[in-house]
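Here's the structure, in structure tokens; my notes come after.
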Amino acid sequence: HHQLAHQLKSWSSYGQEVLDQIQFLIVDDSSAPGHTAADFLRANYDLSKSLDIVIYKIDQNLMWNIGGARNLGFWMVNTPWIFMSDTDTQVAPETMNYILDKLNGETESPPVYTFFQRLRDAGFKKPHPAIMLIRKVDYWRAGGCDEDFVGSYGWTDPHFLYKVKKDSTLHLIKTHKEMDKLGIPPLHETSDDIERPDGIFCLEKFHGEKAPKEPEKNEAKFDKKSRKGKWSSNKKSRKGKWSNEVLRFTWRKVRWQK
């Protein structure tokens with residue numbers, strides 16, 4: 001919960017004018033009982049109770065279900081625009097203002113804002129390829145995330161970005177250079193071993209049954225050294241091999257407020 005703790009600390013720093021414009025949607029990807037996002041928010045109720053937070057919890061524990069979790073978020077969200085982010089990435093108040101300003105921008109075709117500048121714990125900057133600001137209708141126009149990649153690490157993000165680029169009706173806009181020019185704070189990506197922030201309670205580390213170890217993150221299925229193999233030939237083609245079968249699991253909305 002240390003990553004979510006830093007998220008809560010960041011969200012709590014936003015001004016009321018910003019909070020009035022956003023809703024936080026958390027997809028809990030099958031956390032263990034007693035260690036869920038809802039458990040964490042209840043344990044820090046004084047900080048979380050004033051925030052508009054919605055939680056959807058996936059019932060099945062599917063390994064590397066990144067695409068499925070994102071599809072669920074975009075399926076259930078009730079706002080026209082979505083800022084798709086990761087648990088380990090915090091957004092400063094000034095940066096959130098910058099993001100919200102984009103909602104009123106004018107472009108010739110529907111914009112998809114991506115490659116937000118990112119600062120990693122190691123101290124170097126690298127634009128983030130997965131985090132983006134996109135309309136719900138445009139996410140599904142691009143086809144959403146291909147859930148054939150569930151169970152494999154590291155292929156969901158580049159494939160969805162590829163689909164956005166190939167859609168001539170969408171306008172991909174990289175933001176990192178503008179952020180640097182304007183002095184907008186970069187997104188802050190934290191490491192898995194980050195310490196708990198002061199003033200926030202975190203549940204003890206879960207020591208339950210471990211998930212079965214996957215063979216080298218299943219890279220045998222989508223071999224990085226063979227980009228002309230299955231991923232390239234099947235997924236980077238218009239031959240009907242992109243999957244549009246989404247939400248291959250069950251889920252439920254979780255009430256966390258006391």
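Going by the structure tokens order, chains are called A, B, ..., each with residues numbered from 1, while ligands are numbered from 1 in the order shown.
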Residues near Ser168 of chain A, anyone? I mean within 10 Å using only C-alpha atoms, not counting same-chain ones fewer than 4 positions away, as a compact mmCIF listing (two decimals) with N, CA, C and O atoms, in the first residue's frame.
# COMPACT_ATOMS: atom_id res chain seq x y z
N SER A 109 -8.22 17.68 -34.88
CA SER A 109 -8.85 16.37 -34.71
C SER A 109 -8.76 15.98 -33.24
O SER A 109 -8.00 16.59 -32.46
N ALA A 142 -9.96 3.62 -30.76
CA ALA A 142 -8.68 2.97 -31.04
C ALA A 142 -8.72 1.48 -30.74
O ALA A 142 -7.78 0.76 -31.07
N LYS A 163 -1.86 1.46 -31.92
CA LYS A 163 -3.21 1.54 -32.48
C LYS A 163 -3.69 2.99 -32.56
O LYS A 163 -4.37 3.37 -33.51
N VAL A 164 -3.32 3.80 -31.55
CA VAL A 164 -3.69 5.22 -31.58
C VAL A 164 -3.01 5.91 -32.77
O VAL A 164 -3.64 6.68 -33.51
N LEU A 172 -2.20 12.43 -32.04
CA LEU A 172 -1.31 12.12 -30.92
C LEU A 172 -0.42 13.33 -30.63
O LEU A 172 0.27 13.83 -31.52
* To do: List the neighbours of segment 45-52 of chain A out to 12 Å using only C-alpha atoms; skip same-chain residues closer than 3 positions along the sequence, and give me the result as JSON, numbers by chain.
  => {"A": [4, 5, 6, 7, 8, 9, 10, 11, 12, 13, 14, 15, 16, 18, 19, 20, 21, 22, 23, 24, 25, 26, 37, 38, 39, 40, 41, 42, 55, 199, 200, 201, 256, 257, 258]}
* What is the atom CA of Glu178 of chain A-atom CA of Pro93 of chain A distance in Å, reported with one decimal? ->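 Those two atoms sit 17.1 Å apart.
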* **Which of segment 5-130 of chain A fall in helix (DSSP H, G or I), as a ChimeraX atom specification** => /A:5-12,16-19,37-43,45-48,66-76,93-102
Would you kindly return, as a PDB file with N, CA and C atoms, in the first residue's frame, each protein, DNA or RNA residue with an atom no farther than 12 Å from any atom of Ile99 of chain A, considering only C-alpha atoms and excluding same-chain residues fewer than 6 positions away?
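That gives us result_12.pdb:
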ATOM      1  N   VAL A  18      -9.581  22.208  -8.056  1.00  0.00           N
ATOM      2  CA  VAL A  18      -9.161  21.055  -8.852  1.00  0.00           C
ATOM      3  C   VAL A  18     -10.010  19.840  -8.516  1.00  0.00           C
ATOM      4  N   GLN A  21     -13.308  19.193 -10.126  1.00  0.00           N
ATOM      5  CA  GLN A  21     -13.325  18.852 -11.553  1.00  0.00           C
ATOM      6  C   GLN A  21     -12.979  17.394 -11.849  1.00  0.00           C
ATOM      7  N   ILE A  22     -12.566  16.649 -10.822  1.00  0.00           N
ATOM      8  CA  ILE A  22     -12.079  15.297 -11.105  1.00  0.00           C
ATOM      9  C   ILE A  22     -12.715  14.261 -10.176  1.00  0.00           C
ATOM     10  N   TRP A  81     -13.543  12.691 -20.376  1.00  0.00           N
ATOM     11  CA  TRP A  81     -12.082  12.644 -20.432  1.00  0.00           C
ATOM     12  C   TRP A  81     -11.528  11.784 -19.309  1.00  0.00           C
ATOM     13  N   ILE A  82     -10.447  11.074 -19.585  1.00  0.00           N
ATOM     14  CA  ILE A  82      -9.798  10.220 -18.580  1.00  0.00           C
ATOM     15  C   ILE A  82      -8.294  10.478 -18.633  1.00  0.00           C
ATOM     16  N   PHE A  83      -7.711  10.704 -17.467  1.00  0.00           N
ATOM     17  CA  PHE A  83      -6.257  10.737 -17.351  1.00  0.00           C
ATOM     18  C   PHE A  83      -5.840   9.368 -16.838  1.00  0.00           C
ATOM     19  N   MET A  84      -5.286   8.550 -17.731  1.00  0.00           N
ATOM     20  CA  MET A  84      -4.929   7.177 -17.399  1.00  0.00           C
ATOM     21  C   MET A  84      -3.530   7.155 -16.795  1.00  0.00           C
ATOM     22  N   VAL A  91       1.137  12.803  -9.410  1.00  0.00           N
ATOM     23  CA  VAL A  91       0.970  14.018 -10.210  1.00  0.00           C
ATOM     24  C   VAL A  91       0.900  15.208  -9.262  1.00  0.00           C
ATOM     25  N   ALA A  92       1.825  16.144  -9.414  1.00  0.00           N
ATOM     26  CA  ALA A  92       1.860  17.337  -8.571  1.00  0.00           C
ATOM     27  C   ALA A  92       0.659  18.235  -8.863  1.00  0.00           C
ATOM     28  N   PRO A  93       0.255  19.079  -7.909  1.00  0.00           N
ATOM     29  CA  PRO A  93      -0.896  19.974  -8.144  1.00  0.00           C
ATOM     30  C   PRO A  93      -0.731  20.843  -9.378  1.00  0.00           C
ATOM     31  N   GLY A 105      -8.465  22.873 -24.676  1.00  0.00           N
ATOM     32  CA  GLY A 105      -7.663  23.178 -25.848  1.00  0.00           C
ATOM     33  C   GLY A 105      -8.380  22.851 -27.140  1.00  0.00           C
ATOM     34  N   VAL A 112      -5.030  13.121 -28.371  1.00  0.00           N
ATOM     35  CA  VAL A 112      -4.624  12.135 -27.373  1.00  0.00           C
ATOM     36  C   VAL A 112      -3.280  12.615 -26.828  1.00  0.00           C
ATOM     37  N   TYR A 113      -3.279  13.096 -25.590  1.00  0.00           N
ATOM     38  CA  TYR A 113      -2.062  13.646 -24.990  1.00  0.00           C
ATOM     39  C   TYR A 113      -1.281  12.530 -24.304  1.00  0.00           C
ATOM     40  N   THR A 114      -0.031  12.397 -24.663  1.00  0.00           N
ATOM     41  CA  THR A 114       0.778  11.318 -24.099  1.00  0.00           C
ATOM     42  C   THR A 114       2.229  11.766 -23.964  1.00  0.00           C
ATOM     43  N   PHE A 116       3.936  12.262 -21.260  1.00  0.00           N
ATOM     44  CA  PHE A 116       4.122  13.252 -20.201  1.00  0.00           C
ATOM     45  C   PHE A 116       5.518  13.068 -19.609  1.00  0.00           C
ATOM     46  N   ILE A 131       1.084   6.595 -19.819  1.00  0.00           N
ATOM     47  CA  ILE A 131       0.163   7.533 -19.182  1.00  0.00           C
ATOM     48  C   ILE A 131      -0.326   8.536 -20.220  1.00  0.00           C
ATOM     49  N   MET A 132      -1.630   8.725 -20.278  1.00  0.00           N
ATOM     50  CA  MET A 132      -2.166   9.627 -21.296  1.00  0.00           C
ATOM     51  C   MET A 132      -3.484  10.240 -20.870  1.00  0.00           C
ATOM     52  N   LEU A 133      -3.805  11.337 -21.515  1.00  0.00           N
ATOM     53  CA  LEU A 133      -5.085  12.011 -21.360  1.00  0.00           C
ATOM     54  C   LEU A 133      -5.854  11.793 -22.648  1.00  0.00           C
ATOM     55  N   ILE A 134      -7.002  11.137 -22.544  1.00  0.00           N
ATOM     56  CA  ILE A 134      -7.738  10.723 -23.737  1.00  0.00           C
ATOM     57  C   ILE A 134      -9.233  10.685 -23.431  1.00  0.00           C
ATOM     58  N   THR A 175       3.704  15.593 -24.907  1.00  0.00           N
ATOM     59  CA  THR A 175       3.669  16.774 -24.037  1.00  0.00           C
ATOM     60  C   THR A 175       4.982  17.085 -23.325  1.00  0.00           C
ATOM     61  N   GLU A 178       6.866  20.466 -24.090  1.00  0.00           N
ATOM     62  CA  GLU A 178       6.110  21.624 -23.617  1.00  0.00           C
ATOM     63  C   GLU A 178       6.187  21.734 -22.104  1.00  0.00           C
ATOM     64  N   MET A 179       6.100  20.600 -21.403  1.00  0.00           N
ATOM     65  CA  MET A 179       6.201  20.623 -19.948  1.00  0.00           C
ATOM     66  C   MET A 179       7.554  21.175 -19.500  1.00  0.00           C
ATOM     67  N   ILE A 184       6.688  22.866 -16.034  1.00  0.00           N
ATOM     68  CA  ILE A 184       5.672  22.048 -15.367  1.00  0.00           C
ATOM     69  C   ILE A 184       6.375  20.878 -14.678  1.00  0.00           C
ATOM     70  N   PRO A 185       6.098  20.647 -13.385  1.00  0.00           N
ATOM     71  CA  PRO A 185       6.745  19.520 -12.698  1.00  0.00           C
ATOM     72  C   PRO A 185       6.455  18.197 -13.397  1.00  0.00           C
ATOM     73  N   PRO A 186       7.461  17.358 -13.574  1.00  0.00           N
ATOM     74  CA  PRO A 186       7.226  16.060 -14.220  1.00  0.00           C
ATOM     75  C   PRO A 186       6.431  15.132 -13.312  1.00  0.00           C
ATOM     76  N   LEU A 187       5.846  14.107 -13.901  1.00  0.00           N
ATOM     77  CA  LEU A 187       5.251  13.040 -13.113  1.00  0.00           C
ATOM     78  C   LEU A 187       6.360  12.391 -12.302  1.00  0.00           C
TER      79      LEU A 187
END
* To do: Quick one: everything within 10 Å of Gln60 of chain A, counting only C-alpha atoms, minus sequence neighbours fewer than 3 positions away in the same chain. Send it as a list in words.
  =>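 Close residues of Gln60 of chain A: Asp29, Ser30, Ser31, Lys57, Met63, Asn65, Arg248, Phe249, Thr250 and Trp251 of chain A.
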* To do: Go through A:Thr79, A:Thr169, A:Thr190, A:Asn97 one by one, measure the shortest atom-to-atom distance of each to Arg120 of chain A using only C-alpha atoms, and give the residue with the smallest value.
  =>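 With only C-alpha atoms as the atom set, the closest residue is A:Thr190.
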* Can you work out which one of A:Pro127, A:Gln3, A:Val254, A:Ser85 has the shortest atom-to-atom distance to Lys177 of chain A, counting only C-alpha atoms? =>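 Distance minimum relative to Lys177 of chain A lands on A:Pro127.
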* Please, which residues of segment 62-177 of chain A, numbered as in this document, come out strand (DSSP E or B) from DSSP, as a ChimeraX atom specification? -> /A:81-84,89-90,111-114,116,118-120,125,128,132-135,171-174
Output the selection as a PDB file, in the first residue's frame - C-alpha atoms for each residue.
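Final output, result-v8.pdb:
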ATOM      1  CA  TRP A  81     -12.082  12.644 -20.432  1.00  0.00           C
ATOM      2  CA  ILE A  82      -9.798  10.220 -18.580  1.00  0.00           C
ATOM      3  CA  PHE A  83      -6.257  10.737 -17.351  1.00  0.00           C
ATOM      4  CA  MET A  84      -4.929   7.177 -17.399  1.00  0.00           C
ATOM      5  CA  THR A  89       3.182   7.627 -10.511  1.00  0.00           C
ATOM      6  CA  GLN A  90       2.188  10.788  -8.651  1.00  0.00           C
ATOM      7  CA  PRO A 111      -6.328  14.898 -29.309  1.00  0.00           C
ATOM      8  CA  VAL A 112      -4.624  12.135 -27.373  1.00  0.00           C
ATOM      9  CA  TYR A 113      -2.062  13.646 -24.990  1.00  0.00           C
ATOM     10  CA  THR A 114       0.778  11.318 -24.099  1.00  0.00           C
ATOM     11  CA  PHE A 116       4.122  13.252 -20.201  1.00  0.00           C
ATOM     12  CA  ARG A 118       8.464  11.699 -15.940  1.00  0.00           C
ATOM     13  CA  LEU A 119      11.058  11.813 -13.191  1.00  0.00           C
ATOM     14  CA  ARG A 120      12.168   8.483 -11.812  1.00  0.00           C
ATOM     15  CA  LYS A 125      13.832  12.105 -16.753  1.00  0.00           C
ATOM     16  CA  HIS A 128       6.110   8.073 -19.991  1.00  0.00           C
ATOM     17  CA  MET A 132      -2.166   9.627 -21.296  1.00  0.00           C
ATOM     18  CA  LEU A 133      -5.085  12.011 -21.360  1.00  0.00           C
ATOM     19  CA  ILE A 134      -7.738  10.723 -23.737  1.00  0.00           C
ATOM     20  CA  ARG A 135     -11.479  10.872 -24.239  1.00  0.00           C
ATOM     21  CA  HIS A 171      -4.147  13.386 -33.134  1.00  0.00           C
ATOM     22  CA  LEU A 172      -1.309  12.122 -30.924  1.00  0.00           C
ATOM     23  CA  ILE A 173       0.314  14.969 -28.992  1.00  0.00           C
ATOM     24  CA  LYS A 174       3.544  14.466 -27.043  1.00  0.00           C
TER      25      LYS A 174
END
* To do: Using atom CA of Leu170 of chain A and atom CA of Thr107 of chain A as the two end points, give the distance in Å to one decimal.
  => 10.2 Å
